[in-house]
>>> print(open('run.txt').read())   # compact mmCIF, C-alpha atoms and all ligand atoms
# COMPACT_ATOMS: atom_id res chain seq x y z
CA MET E 1 -16.31 -170.52 22.77
CA LEU E 2 -16.39 -172.94 19.88
CA LYS E 3 -12.88 -172.86 18.40
CA ILE E 4 -12.66 -171.54 14.87
CA LYS E 5 -9.71 -171.64 12.45
CA GLN E 6 -8.67 -168.09 13.38
CA TRP E 7 -8.27 -169.23 17.00
CA TYR E 8 -5.63 -171.78 16.04
CA GLU E 9 -3.89 -169.34 13.70
CA LEU E 10 -3.58 -166.74 16.44
CA ALA E 11 -2.59 -169.33 19.05
CA ASP E 12 0.25 -170.53 16.79
CA ILE E 13 1.51 -166.97 16.32
CA LYS E 14 1.28 -166.36 20.05
CA ASP E 15 3.39 -169.46 20.73
CA GLU E 16 5.99 -168.39 18.19
CA LEU E 17 6.29 -164.84 19.50
CA ALA E 18 6.43 -166.23 23.04
CA SER E 19 9.34 -168.47 22.04
CA ARG E 20 11.22 -165.25 21.18
CA ASP E 21 10.41 -163.79 24.58
CA TRP E 22 8.37 -160.97 23.09
CA PHE E 23 5.71 -161.05 25.86
CA MET E 24 7.76 -159.90 28.85
CA GLY E 25 5.75 -159.30 32.02
CA THR E 26 2.40 -160.23 30.36
CA SER E 27 2.87 -157.36 27.87
CA GLY E 28 1.57 -157.53 24.31
CA ASN E 29 -1.75 -158.30 22.69
CA LEU E 30 -2.83 -159.97 19.46
CA ALA E 31 -5.97 -159.91 17.33
CA ILE E 32 -7.37 -161.60 14.24
CA LYS E 33 -10.48 -160.67 12.29
CA VAL E 34 -13.29 -163.21 12.21
CA SER E 35 -16.02 -161.38 10.24
CA ASP E 36 -16.47 -158.17 8.24
CA HIS E 37 -20.21 -157.45 8.45
CA PRO E 38 -20.45 -156.91 11.32
CA VAL E 39 -16.78 -156.59 12.32
CA THR E 40 -15.82 -159.17 14.93
CA PHE E 41 -12.36 -160.29 15.96
CA LEU E 42 -10.58 -162.51 18.43
CA VAL E 43 -8.34 -160.61 20.86
CA THR E 44 -6.09 -161.76 23.67
CA ALA E 45 -7.60 -161.71 27.16
CA SER E 46 -6.07 -159.00 29.33
CA GLY E 47 -3.24 -159.59 31.76
CA LYS E 48 -2.57 -163.25 30.91
CA ASP E 49 0.84 -164.84 30.76
CA LYS E 50 1.04 -164.99 26.98
CA LYS E 51 3.80 -167.60 27.11
CA LYS E 52 1.20 -170.18 28.20
CA ARG E 53 -1.33 -171.76 25.82
CA THR E 54 -4.74 -172.11 27.45
CA GLU E 55 -8.42 -172.42 26.53
CA GLU E 56 -8.93 -168.85 27.74
CA ASP E 57 -6.33 -167.01 25.72
CA PHE E 58 -8.75 -165.22 23.38
CA LEU E 59 -12.28 -163.89 23.33
CA LEU E 60 -14.50 -162.72 20.50
CA VAL E 61 -15.29 -159.00 20.52
CA ASP E 62 -17.53 -156.77 18.41
CA GLU E 63 -16.70 -153.66 16.36
CA SER E 64 -16.54 -151.60 19.57
CA GLY E 65 -14.27 -154.04 21.38
CA ASN E 66 -16.95 -155.42 23.70
CA PRO E 67 -17.33 -159.20 24.19
CA ALA E 68 -19.55 -160.58 21.43
CA LEU E 69 -20.48 -163.65 23.52
CA PRO E 70 -21.05 -164.08 27.25
CA THR E 71 -17.68 -164.48 29.02
CA TYR E 72 -15.95 -163.55 32.23
CA LEU E 73 -12.74 -162.81 30.28
CA LYS E 74 -11.66 -159.19 29.88
CA PRO E 75 -10.48 -158.07 26.45
CA SER E 76 -6.96 -156.61 26.24
CA ALA E 77 -6.65 -153.16 27.79
CA GLU E 78 -5.48 -152.01 24.33
CA THR E 79 -8.38 -153.54 22.37
CA LEU E 80 -9.39 -150.08 21.15
CA LEU E 81 -6.28 -149.91 18.96
CA HIS E 82 -7.28 -153.16 17.29
CA VAL E 83 -10.85 -151.81 16.97
CA LYS E 84 -9.50 -148.85 15.00
CA ILE E 85 -7.52 -151.17 12.72
CA TYR E 86 -10.48 -153.39 11.80
CA ASN E 87 -12.88 -150.48 11.38
CA GLN E 88 -10.56 -148.29 9.29
CA THR E 89 -8.57 -150.78 7.18
CA ASN E 90 -8.97 -154.14 5.46
CA ALA E 91 -6.34 -155.73 7.71
CA GLY E 92 -7.02 -159.27 8.92
CA CYS E 93 -4.52 -159.49 11.77
CA SER E 94 -2.83 -157.09 14.21
CA LEU E 95 0.05 -157.76 16.59
CA HIS E 96 1.40 -155.67 19.46
CA VAL E 97 4.63 -156.53 21.28
CA HIS E 98 6.96 -154.79 23.70
CA THR E 99 10.63 -155.51 23.07
CA VAL E 100 13.72 -153.78 24.43
CA ASP E 101 14.80 -152.95 20.87
CA ASN E 102 11.49 -151.37 19.82
CA ASN E 103 11.42 -149.35 23.07
CA VAL E 104 15.01 -148.10 22.58
CA ILE E 105 14.32 -147.12 18.96
CA SER E 106 11.10 -145.32 19.94
CA GLU E 107 12.99 -143.27 22.52
CA LEU E 108 15.99 -142.52 20.29
CA TYR E 109 13.89 -141.33 17.33
CA TRP E 110 11.04 -139.75 19.31
CA PRO E 111 12.29 -136.19 18.60
CA GLN E 112 11.91 -136.83 14.82
CA GLY E 113 8.44 -138.39 15.25
CA GLU E 114 9.43 -141.32 13.03
CA VAL E 115 12.23 -143.73 12.27
CA VAL E 116 13.28 -144.29 8.66
CA PHE E 117 15.10 -147.32 7.23
CA LYS E 118 16.65 -147.56 3.79
CA GLY E 119 19.11 -149.84 2.00
CA GLN E 120 18.23 -152.94 3.97
CA GLU E 121 17.39 -156.21 2.20
CA ILE E 122 14.81 -157.14 4.87
CA ILE E 123 12.62 -154.22 3.69
CA LYS E 124 11.51 -156.61 0.93
CA ALA E 125 9.66 -158.59 3.61
CA LEU E 126 7.42 -155.52 3.91
CA GLY E 127 6.52 -155.83 0.23
CA LEU E 128 8.86 -153.06 -0.98
CA TRP E 129 11.14 -154.45 -3.67
CA GLU E 130 12.61 -151.26 -5.20
CA GLU E 131 16.37 -150.79 -4.70
CA ASP E 132 15.96 -147.42 -2.96
CA ALA E 133 12.84 -148.37 -0.99
CA GLU E 134 12.54 -146.76 2.40
CA ILE E 135 10.25 -147.49 5.29
CA ARG E 136 8.96 -144.88 7.74
CA ILE E 137 7.53 -145.92 11.10
CA PRO E 138 5.68 -143.16 12.97
CA ILE E 139 6.26 -142.79 16.71
CA ILE E 140 3.39 -141.61 18.92
CA ASP E 141 3.40 -140.59 22.56
CA ASN E 142 2.44 -143.20 25.15
CA VAL E 143 -0.56 -141.49 26.72
CA ALA E 144 -2.23 -143.46 29.50
CA ASP E 145 -5.77 -142.72 28.37
CA ILE E 146 -6.46 -145.48 25.85
CA PRO E 147 -9.23 -143.69 23.88
CA THR E 148 -6.82 -140.74 23.39
CA LEU E 149 -3.98 -143.10 22.44
CA ALA E 150 -6.30 -144.91 20.02
CA GLU E 151 -7.32 -141.64 18.34
CA GLU E 152 -3.69 -140.66 17.74
CA PHE E 153 -2.90 -144.19 16.59
CA ALA E 154 -5.86 -144.15 14.19
CA SER E 155 -4.50 -141.09 12.38
CA HIS E 156 -1.71 -143.35 11.04
CA LEU E 157 -4.06 -146.01 9.68
CA THR E 158 -3.73 -144.85 6.09
CA LYS E 159 -3.03 -148.25 4.51
CA ASP E 160 -4.18 -151.85 4.91
CA PHE E 161 -0.76 -152.72 6.33
CA GLY E 162 1.66 -150.75 8.45
CA ALA E 163 3.13 -150.19 11.89
CA VAL E 164 3.20 -147.57 14.62
CA LEU E 165 5.70 -147.32 17.47
CA ILE E 166 4.36 -146.13 20.81
CA ARG E 167 7.10 -144.33 22.72
CA ASN E 168 8.72 -146.50 25.38
CA HIS E 169 5.84 -148.93 25.06
CA GLY E 170 5.91 -151.12 21.97
CA ILE E 171 4.94 -151.61 18.35
CA THR E 172 1.60 -152.40 16.75
CA VAL E 173 1.67 -153.99 13.29
CA TRP E 174 -1.29 -154.76 11.04
CA ALA E 175 -1.51 -156.58 7.70
CA LYS E 176 -3.92 -158.48 5.51
CA ASN E 177 -3.57 -161.81 7.33
CA ALA E 178 -1.73 -163.57 10.14
CA PHE E 179 1.16 -164.74 7.95
CA GLU E 180 1.82 -161.21 6.64
CA ALA E 181 1.44 -159.54 10.04
CA LYS E 182 3.99 -161.89 11.64
CA LYS E 183 6.38 -161.49 8.70
CA HIS E 184 6.15 -157.69 8.97
CA LEU E 185 6.62 -157.74 12.73
CA GLU E 186 9.75 -159.87 12.33
CA ALA E 187 11.13 -157.51 9.68
CA TYR E 188 10.55 -154.45 11.90
CA GLU E 189 12.18 -156.11 14.89
CA PHE E 190 15.15 -157.12 12.70
CA LEU E 191 15.58 -153.48 11.64
CA PHE E 192 15.32 -152.22 15.22
CA SER E 193 17.82 -154.76 16.52
CA TYR E 194 20.24 -153.95 13.68
CA GLN E 195 20.00 -150.21 14.36
CA VAL E 196 20.50 -150.56 18.12
CA LYS E 197 23.60 -152.71 17.59
CA LEU E 198 24.97 -150.48 14.84
CA LEU E 199 24.62 -147.31 16.94
CA ALA E 200 26.17 -149.01 19.99
CA LEU E 201 29.16 -150.29 17.99
CA LYS E 202 29.65 -146.94 16.25
CA SER E 203 29.69 -145.13 19.57
CA LEU E 204 32.36 -147.56 20.83
CA VAL E 205 34.51 -147.23 17.72
CA LEU E 206 34.26 -143.42 17.74
CA GLN E 207 35.25 -143.06 21.40
C1 LIG E 301 2.22 -155.30 31.61
S1 LIG E 301 2.22 -154.49 30.09
C2 LIG E 301 1.03 -153.17 30.30
C3 LIG E 301 -0.18 -153.26 29.40
C4 LIG E 301 0.25 -153.37 27.96
O1 LIG E 301 0.88 -152.45 27.44
C5 LIG E 301 0.02 -154.57 27.20
O2 LIG E 301 0.43 -154.66 26.06
C6 LIG E 301 -0.72 -155.74 27.76
O3 LIG E 301 -2.00 -155.41 28.17
P1 LIG E 301 -3.17 -156.51 28.01
O4 LIG E 301 -4.33 -155.89 28.69
O5 LIG E 301 -3.36 -156.70 26.54
O6 LIG E 301 -2.69 -157.77 28.67
ZN ZN E 302 1.20 -152.70 25.26
>>> encode(input="run.txt", output="structure tokens", more="lines below")
Ligand SMILES: CSCCC(=O)C(=O)COP(=O)(O)O
Ligand SMILES: [Zn+2]
Amino acid sequence: MLKIKQWYELADIKDELASRDWFMGTSGNLAIKVSDHPVTFLVTASGKDKKKRTEEDFLLVDESGNPALPTYLKPSAETLLHVKIYNQTNAGCSLHVHTVDNNVISELYWPQGEVVFKGQEIIKALGLWEEDAEIRIPIIDNVADIPTLAEEFASHLTKDFGAVLIRNHGITVWAKNAFEAKKHLEAYEFLFSYQVKLLALKSLVLQ
């Protein structure tokens, strides 16, 4: 397809997340909105090595997640989650990555159905500047049926930015544009990494 500015924006984010090794085993998918009426967005092609930059990394899909232009590329297997985001919020970009830290946190806090962070300076990167600001990230079950997963995911799309952890799978973050979505993803991963290290060190000290 003819490359548009959103293509380059998403490709740059993909390269940056790849440099952090956040696309292990071809996992992860990324999307960026291209138009509102009708909704169209670029999404990563399924099953690709997302560490490589190629001419076939993304395809344009419609509001149902079907290719909007003739292509042999298959949209991400998790396109339906991005479909829900662009149909239910005003987000402009959505990012999904699997990391060891987000998987560990999702498993540890699964019984509570959410993980809550408070008293961390990095929370300001999520746009919360109050001293006692807290951030709650819901955790949903990793059901194999994507339409069912997408329905559960969609019940947490109450704001134009946010994040949902999928148990032992990964995180999906959405925000108004690519810059904000990447910033939020980095802040969440910082919090997860901090918490994993803190709990591990505490368990050593308390032994
Ligand atoms: C190998 S990871 C399993 C599928 C997945 O969870 C994922 O994020 C990548 O799937 P895609 O179809 O977007 O490549
Ligand atoms: Zn995934």
>>> closest_residue(input="run.txt", among="E:Lys33, E:Lys202, E:Lys5, E:His82", to="ligand LIG 301 (chain E)", atoms="only C-alpha atoms and all ligand atoms")
E:His82
>>> atom_distance(input="run.txt", atom1="CA of Phe190 (chain E)", atom2="CA of Thr99 (chain E)")
11.4 Å
>>> residues_near_ligand(input="run.txt", ligand="ligand LIG 301 (chain E)", cutoff="10 Å", atoms="only C-alpha atoms and all ligand atoms", output="number ranges by chain")
E: 23-30, 43-50, 74-79, 95-98, 142, 144, 166, 169-172
>>> axis_aligned_box(input="run.txt", around="region 152-162 of chain E", padding_each_side="3 Å", output="AutoDock Vina command-line options")
--center_x -2.1 --center_y -146.7 --center_z 11.1 --size_x 13.5 --size_y 18.1 --size_z 19.2
>>> residues_around(input="run.txt", residues="region 155-164 of chain E", least_positions_apart="3", cutoff="6 Å", atoms="all atoms listed in the file", output="MDAnalysis selection string")
chainID E and resid 89:91 137:138 152 171:175
>>> write_last_selection(input="run.txt", atoms="C-alpha atoms", output="PDB file, keeping the file's coordinate frame")
ATOM      1  CA  THR E  89      -8.570-150.780   7.180  1.00  0.00           C
ATOM      2  CA  ASN E  90      -8.970-154.140   5.460  1.00  0.00           C
ATOM      3  CA  ALA E  91      -6.340-155.730   7.710  1.00  0.00           C
ATOM      4  CA  ILE E 137       7.530-145.920  11.100  1.00  0.00           C
ATOM      5  CA  PRO E 138       5.680-143.160  12.970  1.00  0.00           C
ATOM      6  CA  GLU E 152      -3.690-140.660  17.740  1.00  0.00           C
ATOM      7  CA  ILE E 171       4.940-151.610  18.350  1.00  0.00           C
ATOM      8  CA  THR E 172       1.600-152.400  16.750  1.00  0.00           C
ATOM      9  CA  VAL E 173       1.670-153.990  13.290  1.00  0.00           C
ATOM     10  CA  TRP E 174      -1.290-154.760  11.040  1.00  0.00           C
ATOM     11  CA  ALA E 175      -1.510-156.580   7.700  1.00  0.00           C
TER      12      ALA E 175
END
>>> decode(input="run.txt", residues="region 23-48 of chain E", atoms="N, CA, C and O atoms", output="PDB file, in the first residue's frame")
ATOM      1  N   PHE E  23       9.263  -8.270  21.714  1.00  0.00           N
ATOM      2  CA  PHE E  23       8.479  -9.057  20.736  1.00  0.00           C
ATOM      3  C   PHE E  23       9.014 -10.479  20.670  1.00  0.00           C
ATOM      4  O   PHE E  23       9.235 -11.026  19.579  1.00  0.00           O
ATOM      5  N   MET E  24       9.195 -11.098  21.845  1.00  0.00           N
ATOM      6  CA  MET E  24       9.745 -12.455  21.885  1.00  0.00           C
ATOM      7  C   MET E  24       8.866 -13.428  21.095  1.00  0.00           C
ATOM      8  O   MET E  24       7.642 -13.419  21.259  1.00  0.00           O
ATOM      9  N   GLY E  25       9.497 -14.263  20.301  1.00  0.00           N
ATOM     10  CA  GLY E  25       8.777 -15.352  19.624  1.00  0.00           C
ATOM     11  C   GLY E  25       7.657 -14.891  18.710  1.00  0.00           C
ATOM     12  O   GLY E  25       6.642 -15.577  18.602  1.00  0.00           O
ATOM     13  N   THR E  26       7.821 -13.759  18.074  1.00  0.00           N
ATOM     14  CA  THR E  26       6.828 -13.112  17.179  1.00  0.00           C
ATOM     15  C   THR E  26       5.597 -12.571  17.927  1.00  0.00           C
ATOM     16  O   THR E  26       4.622 -12.154  17.305  1.00  0.00           O
ATOM     17  N   SER E  27       5.646 -12.580  19.257  1.00  0.00           N
ATOM     18  CA  SER E  27       4.487 -12.085  20.024  1.00  0.00           C
ATOM     19  C   SER E  27       4.333 -10.573  19.839  1.00  0.00           C
ATOM     20  O   SER E  27       5.251  -9.882  19.397  1.00  0.00           O
ATOM     21  N   GLY E  28       3.145 -10.083  20.214  1.00  0.00           N
ATOM     22  CA  GLY E  28       2.873  -8.649  20.185  1.00  0.00           C
ATOM     23  C   GLY E  28       2.185  -8.212  18.903  1.00  0.00           C
ATOM     24  O   GLY E  28       2.287  -8.878  17.860  1.00  0.00           O
ATOM     25  N   ASN E  29       1.447  -7.143  19.017  1.00  0.00           N
ATOM     26  CA  ASN E  29       0.842  -6.513  17.833  1.00  0.00           C
ATOM     27  C   ASN E  29       0.581  -5.044  18.123  1.00  0.00           C
ATOM     28  O   ASN E  29       0.414  -4.659  19.281  1.00  0.00           O
ATOM     29  N   LEU E  30       0.604  -4.238  17.077  1.00  0.00           N
ATOM     30  CA  LEU E  30       0.525  -2.784  17.200  1.00  0.00           C
ATOM     31  C   LEU E  30      -0.496  -2.254  16.206  1.00  0.00           C
ATOM     32  O   LEU E  30      -0.665  -2.837  15.126  1.00  0.00           O
ATOM     33  N   ALA E  31      -1.139  -1.146  16.564  1.00  0.00           N
ATOM     34  CA  ALA E  31      -2.098  -0.550  15.632  1.00  0.00           C
ATOM     35  C   ALA E  31      -2.115   0.963  15.777  1.00  0.00           C
ATOM     36  O   ALA E  31      -1.817   1.497  16.855  1.00  0.00           O
ATOM     37  N   ILE E  32      -2.477   1.625  14.688  1.00  0.00           N
ATOM     38  CA  ILE E  32      -2.580   3.088  14.700  1.00  0.00           C
ATOM     39  C   ILE E  32      -3.763   3.478  13.819  1.00  0.00           C
ATOM     40  O   ILE E  32      -3.928   2.941  12.712  1.00  0.00           O
ATOM     41  N   LYS E  33      -4.570   4.402  14.333  1.00  0.00           N
ATOM     42  CA  LYS E  33      -5.766   4.807  13.580  1.00  0.00           C
ATOM     43  C   LYS E  33      -5.367   5.659  12.377  1.00  0.00           C
ATOM     44  O   LYS E  33      -4.476   6.505  12.464  1.00  0.00           O
ATOM     45  N   VAL E  34      -6.077   5.442  11.277  1.00  0.00           N
ATOM     46  CA  VAL E  34      -5.820   6.227  10.067  1.00  0.00           C
ATOM     47  C   VAL E  34      -7.001   7.159   9.785  1.00  0.00           C
ATOM     48  O   VAL E  34      -6.811   8.311   9.406  1.00  0.00           O
ATOM     49  N   SER E  35      -8.231   6.680   9.978  1.00  0.00           N
ATOM     50  CA  SER E  35      -9.399   7.550   9.757  1.00  0.00           C
ATOM     51  C   SER E  35     -10.495   7.216  10.752  1.00  0.00           C
ATOM     52  O   SER E  35     -10.552   6.107  11.293  1.00  0.00           O
ATOM     53  N   ASP E  36     -11.377   8.235  10.971  1.00  0.00           N
ATOM     54  CA  ASP E  36     -12.473   8.090  11.940  1.00  0.00           C
ATOM     55  C   ASP E  36     -13.791   7.688  11.286  1.00  0.00           C
ATOM     56  O   ASP E  36     -14.548   6.921  11.850  1.00  0.00           O
ATOM     57  N   HIS E  37     -14.103   8.256  10.143  1.00  0.00           N
ATOM     58  CA  HIS E  37     -15.398   8.005   9.489  1.00  0.00           C
ATOM     59  C   HIS E  37     -15.167   7.619   8.030  1.00  0.00           C
ATOM     60  O   HIS E  37     -15.023   8.507   7.203  1.00  0.00           O
ATOM     61  N   PRO E  38     -15.087   6.351   7.731  1.00  0.00           N
ATOM     62  CA  PRO E  38     -15.233   5.213   8.620  1.00  0.00           C
ATOM     63  C   PRO E  38     -13.919   4.957   9.376  1.00  0.00           C
ATOM     64  O   PRO E  38     -12.857   5.449   8.979  1.00  0.00           O
ATOM     65  N   VAL E  39     -14.020   4.147  10.456  1.00  0.00           N
ATOM     66  CA  VAL E  39     -12.804   3.778  11.191  1.00  0.00           C
ATOM     67  C   VAL E  39     -11.950   2.870  10.313  1.00  0.00           C
ATOM     68  O   VAL E  39     -12.423   1.858   9.796  1.00  0.00           O
ATOM     69  N   THR E  40     -10.689   3.278  10.129  1.00  0.00           N
ATOM     70  CA  THR E  40      -9.693   2.372   9.530  1.00  0.00           C
ATOM     71  C   THR E  40      -8.427   2.515  10.360  1.00  0.00           C
ATOM     72  O   THR E  40      -8.172   3.568  10.957  1.00  0.00           O
ATOM     73  N   PHE E  41      -7.649   1.440  10.401  1.00  0.00           N
ATOM     74  CA  PHE E  41      -6.374   1.533  11.122  1.00  0.00           C
ATOM     75  C   PHE E  41      -5.352   0.574  10.522  1.00  0.00           C
ATOM     76  O   PHE E  41      -5.725  -0.418   9.881  1.00  0.00           O
ATOM     77  N   LEU E  42      -4.099   0.915  10.725  1.00  0.00           N
ATOM     78  CA  LEU E  42      -3.010   0.016  10.336  1.00  0.00           C
ATOM     79  C   LEU E  42      -2.765  -0.933  11.502  1.00  0.00           C
ATOM     80  O   LEU E  42      -2.733  -0.500  12.657  1.00  0.00           O
ATOM     81  N   VAL E  43      -2.586  -2.220  11.198  1.00  0.00           N
ATOM     82  CA  VAL E  43      -2.299  -3.205  12.239  1.00  0.00           C
ATOM     83  C   VAL E  43      -1.162  -4.093  11.750  1.00  0.00           C
ATOM     84  O   VAL E  43      -0.982  -4.270  10.529  1.00  0.00           O
ATOM     85  N   THR E  44      -0.404  -4.629  12.684  1.00  0.00           N
ATOM     86  CA  THR E  44       0.691  -5.513  12.293  1.00  0.00           C
ATOM     87  C   THR E  44       0.147  -6.784  11.631  1.00  0.00           C
ATOM     88  O   THR E  44      -0.894  -7.312  12.034  1.00  0.00           O
ATOM     89  N   ALA E  45       0.875  -7.254  10.631  1.00  0.00           N
ATOM     90  CA  ALA E  45       0.526  -8.531   9.986  1.00  0.00           C
ATOM     91  C   ALA E  45       0.849  -9.662  10.951  1.00  0.00           C
ATOM     92  O   ALA E  45       1.827  -9.596  11.713  1.00  0.00           O
ATOM     93  N   SER E  46       0.026 -10.700  10.923  1.00  0.00           N
ATOM     94  CA  SER E  46       0.134 -11.778  11.910  1.00  0.00           C
ATOM     95  C   SER E  46       1.381 -12.643  11.714  1.00  0.00           C
ATOM     96  O   SER E  46       1.765 -12.968  10.586  1.00  0.00           O
ATOM     97  N   GLY E  47       1.968 -13.015  12.852  1.00  0.00           N
ATOM     98  CA  GLY E  47       3.016 -14.033  12.849  1.00  0.00           C
ATOM     99  C   GLY E  47       4.370 -13.591  12.347  1.00  0.00           C
ATOM    100  O   GLY E  47       5.285 -14.411  12.211  1.00  0.00           O
ATOM    101  N   LYS E  48       4.550 -12.306  12.086  1.00  0.00           N
ATOM    102  CA  LYS E  48       5.846 -11.830  11.566  1.00  0.00           C
ATOM    103  C   LYS E  48       6.865 -11.692  12.690  1.00  0.00           C
ATOM    104  O   LYS E  48       6.496 -11.485  13.853  1.00  0.00           O
TER     105      LYS E  48
END
